[in-house]
Structure formats: C-alpha cells, structure tokens
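Presented below is the structure to which this report refers.
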Protein chains: 2
Amino acid sequence: MIVLDYRDKRPIYEQVVDKLERLIVGGALEQDFKMPSVRSLGMELSVNPNTIQRAYNQLEQEGYLYTVSGRGSFVAPESEWRDGKKHRMLEEWKLVTQSAREAGLTREELVRELEGIFEGVKS
Amino acid sequence: MIVLDYRDKRPIYEQVVDKLERLIVGGALEQDFKMPSVRSLGMELSVNPNTIQRAYNQLEQEGYLYTVSGRGSFVAPESEWRDGKKHRMLEEWKLVTQSAREAGLTREELVRELEGIFEGVKS
DNA sequence: CTAAGTGTATTAAGCTACTTAATACACTTA
DNA sequence: TAAGTGTATTAAGTAGCTTAATACACTTAG
C-alpha cells in the first residue's frame, strides 16, 4: 500500500499520515474503502502497531478516516475533509509565497511556474 | 535583536536561524554588521551559548555570516546567499504549489492570491 | 457459542535529538 | 596583559519517537 523512506528525517507516523493522505486526496482510495488493520499494516511496514495507530488517529482527527468499533477504519467521504484540506493548503501556500517574494522571486517568475504546474489541467 | 516563541515546537537553534535569516534577507542587518557574540546573544535570549553557536554555524554554512577568528561573526555580502536562497525558495514554492493543486486549489484562485501578495510591490 | 480479528489503552524500556553546563584553547584587541 | 571572540569537548538532563508486551471490548465468520 505504501513504502517508507528511511532517508526521511520525520517520525514514521507522520510519514504514514502524509502518504495515506495523498492516496485519499488523490482518489486512489475510494470512500468507505476498508483500511488495513493497525496490526497488518504494522507487519507490512515492519513497524509497531502503536505507530500505525497514531497515524490513523491523526487521519481520523483530520477527517480522512472514520472508525467502526470492532470492524476497522474506513476512508471517510470527501465532504469530511475537502474544505479543511483546501483551507490548510491555501494558508500554507500564502506563507511560502510571501517568503518567496521576500527572497527576491518576482510575480512574473511565479506566474510562469504556476502555468507550468497547471499545464493541461482542467481546473 | 530577536524574540523567541515558546509555542514554536521547532528546536531553538532552528528558530534563531530562521529569525536571523529573515533579518538579513529583509535588509535589517547590513553587510559586515557585527553580530552579537554567542555568549551575549545567549544571555539575551536566556539560552546556552552552544545553542547560539549551532545557529551561527548553520547561518555561516548557508552563506549568511562569515567569521573572523578572535573578532566575531559578521553579516556576509548579499552575493554570498542571494542565489542559493532564491533557488531553495523556488523549489519549496513549487512543491507547495503542486500540493495546493492536488488539494483542489485552482489556477485562478492562486493567481488571485498572488496578485494580492504582490500588490503594490515593484518586482 | 467460540475463535479470530478489529480498535483502543496502558506501562515500561530504549533510542535519538535538543539543550544545558562546565571547561579549555587559540585568536584579536584595547 | 586582560578581556572578549569563536571553537571544541565531555557529561548530564529532557522530551519525543518507537518498540514491546499486555489487556479489554467489540464484531464477525464458523
């Protein structure tokens, strides 16, 4: 399902959150998809189940997963996380863009990069 | 000179690097300005001199400071850090923009924010 | 009903990074 | 010469991450 990057200096649970979040946002995991159990994903990644649980807890808190006691964790409907995700990303993007401006990047340079990133994407 | 934010979860030396870098990039500290000694800045921030030294070392590695043995640390000329800073910021900005696109932000939304951020700025 | 699988919680231990503390040394300057 | 500078080292404490070993309540397949 996912692969850990041992060169990444962030804690494992944070990496797991990041990668699963990308799978969900990217549409690779459909709504109501049953996530692997904390024990099985722990086995698969050679990581303690507690570490996976910590990742699942954070994903649930951010609206990406919901849990049914005794049954497992499942992918939440997009409506649960879409707005929050967009809002957080926009705030982060504004901060980085502000720093980019202060570092000397011009409006024209950034617009040009923007066009490249959105090239051929219906938005 | 700077103020620490105790709510910030990052290590102190990283905060010091970040704040001093902003002062230098923002032009608040001129070229060849003599930085406070690791001991005096440590006193001022109620922090160990070793922690300040660690921050100074990183700033020197990134080209923001230069050191004269026995005299002190000084702000390096802009030519030493400007290109590297611009390059690192552009790479970070591209990653965040890519993530923003994947989160559902549109080109039009981002261009609009961009105009706001660069409003009235000669670039 | 029973057993297996699920999330959840707790406690203890080890590891790493950050930080402090106490020195020490070589250098420059007043 | 004395004070101030960067630099280096060693030891200790703290906090966060991770592992390990359990335990409990729940659901589901048999």
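Naming scheme: A, B, ... for chains in displayed order of the structure tokens; residues 1 onward per chain; ligands 1 onward as shown.
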- Message: If we count only C-alpha atoms (C1' of nucleotides) and set the cut-off at 7 Å, which residues sit around segment 6-19 of chain C, ignoring sequence neighbours fewer than 4 positions away in its own chain? Please answer as a list in words.
- Response: Ser69, Gly70, Arg71 and Gly72 of chain A; Pro11 of chain B
Should the cut-off be 8 Å, what would the residue list for chain A against chain B look like, counting only C-alpha atoms, as a CSV table (one decimal) with C-alpha atoms, in the first residue's frame?
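Written output follows (part-v9.csv):
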```
chain,number,residue,atom,x,y,z
A,25,VAL,CA,-6.8,13.1,-1.7
A,26,GLY,CA,-5.5,11.7,-5.0
A,82,ARG,CA,-12.1,18.6,1.4
A,85,LYS,CA,-7.7,20.4,3.4
A,86,LYS,CA,-8.1,23.2,0.9
A,89,MET,CA,-3.2,24.2,1.9
A,90,LEU,CA,-4.1,27.8,0.9
A,92,GLU,CA,0.5,27.3,3.8
A,93,TRP,CA,0.8,28.4,0.2
A,94,LYS,CA,0.3,32.0,1.1
A,96,VAL,CA,5.5,30.2,1.3
A,97,THR,CA,4.6,32.6,-1.5
A,98,GLN,CA,5.2,35.5,0.9
A,99,SER,CA,8.6,34.1,1.7
A,100,ALA,CA,9.3,33.6,-1.9
A,101,ARG,CA,8.6,37.2,-2.6
A,102,GLU,CA,10.9,38.3,0.2
A,103,ALA,CA,13.6,36.1,-1.2
A,104,GLY,CA,13.5,38.0,-4.5
A,105,LEU,CA,11.2,35.9,-6.6
A,106,THR,CA,9.1,38.1,-8.9
A,107,ARG,CA,5.4,37.9,-9.6
A,111,VAL,CA,3.1,33.1,-12.6
A,113,GLU,CA,5.9,28.5,-12.8
A,114,LEU,CA,2.2,28.4,-12.0
A,115,GLU,CA,1.3,28.0,-15.6
A,117,ILE,CA,2.3,23.3,-12.9
A,118,PHE,CA,-1.2,23.7,-14.1
A,123,SER,CA,-9.5,23.4,-13.0
```
- Task: Select from segment 15-113 of chain A everything DSSP, run on the backbone, classes as strand (DSSP E), then give the selection as a PyMOL selection string.
- Result: chain A and resi 65-68+72-75
Store the residues of this selection in a file with C-alpha atoms, as a PDB file, in the first residue's frame.
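Here's the written file selection04.pdb:
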```
ATOM      1  CA  LEU A  65     -10.884   8.189   8.164  1.00  0.00           C
ATOM      2  CA  TYR A  66     -13.793   7.021  10.278  1.00  0.00           C
ATOM      3  CA  THR A  67     -13.765   4.067  12.622  1.00  0.00           C
ATOM      4  CA  VAL A  68     -16.323   1.414  13.494  1.00  0.00           C
ATOM      5  CA  GLY A  72     -11.969  -1.382  11.385  1.00  0.00           C
ATOM      6  CA  SER A  73     -11.059   2.009   9.908  1.00  0.00           C
ATOM      7  CA  PHE A  74     -12.507   3.252   6.633  1.00  0.00           C
ATOM      8  CA  VAL A  75     -11.941   6.107   4.194  1.00  0.00           C
TER       9      VAL A  75
END
```
- Message: If you run DSSP on the backbone here, which positions in chain B get alpha helix (DSSP H)? Please write them as number ranges by chain.
- Response: B: 12-25, 38-45, 49-61, 78-102, 107-117
- Residues of chain B within 12 Å of chain C, counting only C-alpha atoms (C1' of nucleotides), as a list in words: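 Only these qualify: Lys9, Arg10, Pro11, Ile12, Tyr13, Glu14, Gly42, Ser46, Val47, Asn48, Pro49, Asn50, Thr51, Ile52, Arg54, Val68, Ser69, Gly70, Arg71 and Gly72 of chain B.
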Would you save the residues from that selection as a PDB file, in the first residue's frame, using C-alpha atoms?
```
ATOM      1  CA  LYS B   9       7.746  23.368  18.564  1.00  0.00           C
ATOM      2  CA  ARG B  10      10.929  23.619  16.491  1.00  0.00           C
ATOM      3  CA  PRO B  11      14.327  23.440  18.236  1.00  0.00           C
ATOM      4  CA  ILE B  12      15.630  26.767  19.492  1.00  0.00           C
ATOM      5  CA  TYR B  13      18.669  26.861  17.219  1.00  0.00           C
ATOM      6  CA  GLU B  14      16.362  26.462  14.198  1.00  0.00           C
ATOM      7  CA  GLY B  42      22.836  33.513  24.642  1.00  0.00           C
ATOM      8  CA  SER B  46      18.344  33.049  28.197  1.00  0.00           C
ATOM      9  CA  VAL B  47      19.813  30.260  26.136  1.00  0.00           C
ATOM     10  CA  ASN B  48      23.082  28.366  26.224  1.00  0.00           C
ATOM     11  CA  PRO B  49      25.936  29.795  24.090  1.00  0.00           C
ATOM     12  CA  ASN B  50      26.303  26.378  22.462  1.00  0.00           C
ATOM     13  CA  THR B  51      22.789  26.677  21.058  1.00  0.00           C
ATOM     14  CA  ILE B  52      23.631  30.069  19.544  1.00  0.00           C
ATOM     15  CA  ARG B  54      24.901  25.949  16.422  1.00  0.00           C
ATOM     16  CA  VAL B  68      36.956  36.130  11.707  1.00  0.00           C
ATOM     17  CA  SER B  69      38.764  34.152  14.375  1.00  0.00           C
ATOM     18  CA  GLY B  70      39.037  36.104  17.603  1.00  0.00           C
ATOM     19  CA  ARG B  71      36.970  39.004  16.267  1.00  0.00           C
ATOM     20  CA  GLY B  72      33.482  37.703  15.774  1.00  0.00           C
TER      21      GLY B  72
END
```
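Reported to one decimal place, the separation of atom C1' of DA8 of chain D from atom CA of Tyr56 of chain B is 14.9 Å.
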- Task: Residues of chain D no more than 12 Å from chain B, counting only C-alpha atoms (C1' of nucleotides): send them over as a list in words.
- Result: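 My answer is DA3, DG4, DT5, DG6, DT7, DA8, DT9, DA15 and DG16 of chain D.
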Could you dump the residues just selected with N, CA and C atoms (P, O5', C5', C4', C3', O3' and C1' of nucleotides) as an mmCIF file, in the first residue's frame?
```cif
data_model
loop_
_atom_site.group_PDB
_atom_site.id
_atom_site.type_symbol
_atom_site.label_atom_id
_atom_site.label_comp_id
_atom_site.auth_asym_id
_atom_site.auth_seq_id
_atom_site.Cartn_x
_atom_site.Cartn_y
_atom_site.Cartn_z
ATOM 1 P P DA D 3 40.377 40.803 33.222
ATOM 2 O "O5'" DA D 3 39.425 41.051 31.951
ATOM 3 C "C5'" DA D 3 39.325 42.362 31.397
ATOM 4 C "C4'" DA D 3 38.749 42.288 30.003
ATOM 5 C "C3'" DA D 3 37.537 41.351 29.873
ATOM 6 O "O3'" DA D 3 36.482 42.038 29.218
ATOM 7 C "C1'" DA D 3 39.155 40.830 28.234
ATOM 8 P P DG D 4 35.026 41.349 29.120
ATOM 9 O "O5'" DG D 4 34.942 40.935 27.579
ATOM 10 C "C5'" DG D 4 35.195 41.908 26.578
ATOM 11 C "C4'" DG D 4 35.352 41.230 25.235
ATOM 12 C "C3'" DG D 4 34.279 40.171 24.950
ATOM 13 O "O3'" DG D 4 33.629 40.445 23.714
ATOM 14 C "C1'" DG D 4 36.441 39.318 24.519
ATOM 15 P P DT D 5 32.420 39.494 23.224
ATOM 16 O "O5'" DT D 5 33.104 38.479 22.208
ATOM 17 C "C5'" DT D 5 33.281 38.870 20.853
ATOM 18 C "C4'" DT D 5 34.187 37.908 20.125
ATOM 19 C "C3'" DT D 5 33.666 36.503 19.933
ATOM 20 O "O3'" DT D 5 32.724 36.457 18.906
ATOM 21 C "C1'" DT D 5 35.996 36.475 20.446
ATOM 22 P P DG D 6 31.661 35.248 18.859
ATOM 23 O "O5'" DG D 6 32.489 34.091 18.134
ATOM 24 C "C5'" DG D 6 33.072 34.353 16.857
ATOM 25 C "C4'" DG D 6 34.005 33.214 16.476
ATOM 26 C "C3'" DG D 6 33.326 31.866 16.275
ATOM 27 O "O3'" DG D 6 33.913 31.194 15.167
ATOM 28 C "C1'" DG D 6 34.933 31.682 18.000
ATOM 29 P P DT D 7 33.293 29.793 14.672
ATOM 30 O "O5'" DT D 7 34.010 28.734 15.600
ATOM 31 C "C5'" DT D 7 35.426 28.603 15.542
ATOM 32 C "C4'" DT D 7 35.875 27.514 16.492
ATOM 33 C "C3'" DT D 7 35.030 26.234 16.444
ATOM 34 O "O3'" DT D 7 35.815 25.182 15.894
ATOM 35 C "C1'" DT D 7 35.575 26.869 18.676
ATOM 36 P P DA D 8 35.137 23.746 15.570
ATOM 37 O "O5'" DA D 8 35.495 22.906 16.881
ATOM 38 C "C5'" DA D 8 36.822 22.890 17.374
ATOM 39 C "C4'" DA D 8 36.863 22.140 18.697
ATOM 40 C "C3'" DA D 8 35.950 20.914 18.731
ATOM 41 O "O3'" DA D 8 36.741 19.741 18.841
ATOM 42 C "C1'" DA D 8 35.719 22.256 20.708
ATOM 43 P P DT D 9 36.042 18.282 18.842
ATOM 44 O "O5'" DT D 9 35.913 17.950 20.398
ATOM 45 C "C5'" DT D 9 36.987 18.273 21.261
ATOM 46 C "C4'" DT D 9 36.588 18.003 22.700
ATOM 47 C "C3'" DT D 9 35.677 16.787 22.871
ATOM 48 O "O3'" DT D 9 36.321 15.817 23.673
ATOM 49 C "C1'" DT D 9 34.856 18.667 24.090
ATOM 50 P P DA D 15 10.833 17.301 30.262
ATOM 51 O "O5'" DA D 15 10.597 17.026 28.705
ATOM 52 C "C5'" DA D 15 11.046 17.976 27.759
ATOM 53 C "C4'" DA D 15 10.865 17.432 26.358
ATOM 54 C "C3'" DA D 15 9.558 16.661 26.155
ATOM 55 O "O3'" DA D 15 8.955 17.071 24.933
ATOM 56 C "C1'" DA D 15 11.391 15.285 25.580
ATOM 57 P P DG D 16 7.503 16.454 24.542
ATOM 58 O "O5'" DG D 16 7.841 15.583 23.251
ATOM 59 C "C5'" DG D 16 8.599 16.158 22.204
ATOM 60 C "C4'" DG D 16 9.007 15.074 21.219
ATOM 61 C "C3'" DG D 16 7.859 14.177 20.771
ATOM 62 O "O3'" DG D 16 7.918 14.020 19.361
ATOM 63 C "C1'" DG D 16 9.612 12.859 21.667
#
```
- Query: How far is it from atom CA of Leu45 of chain B to atom CA of Glu30 of chain B, in Å with one decimal?
  - Reply: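 If I compute the distance from atom CA of Leu45 of chain B to atom CA of Glu30 of chain B, I get 21.8 Å.
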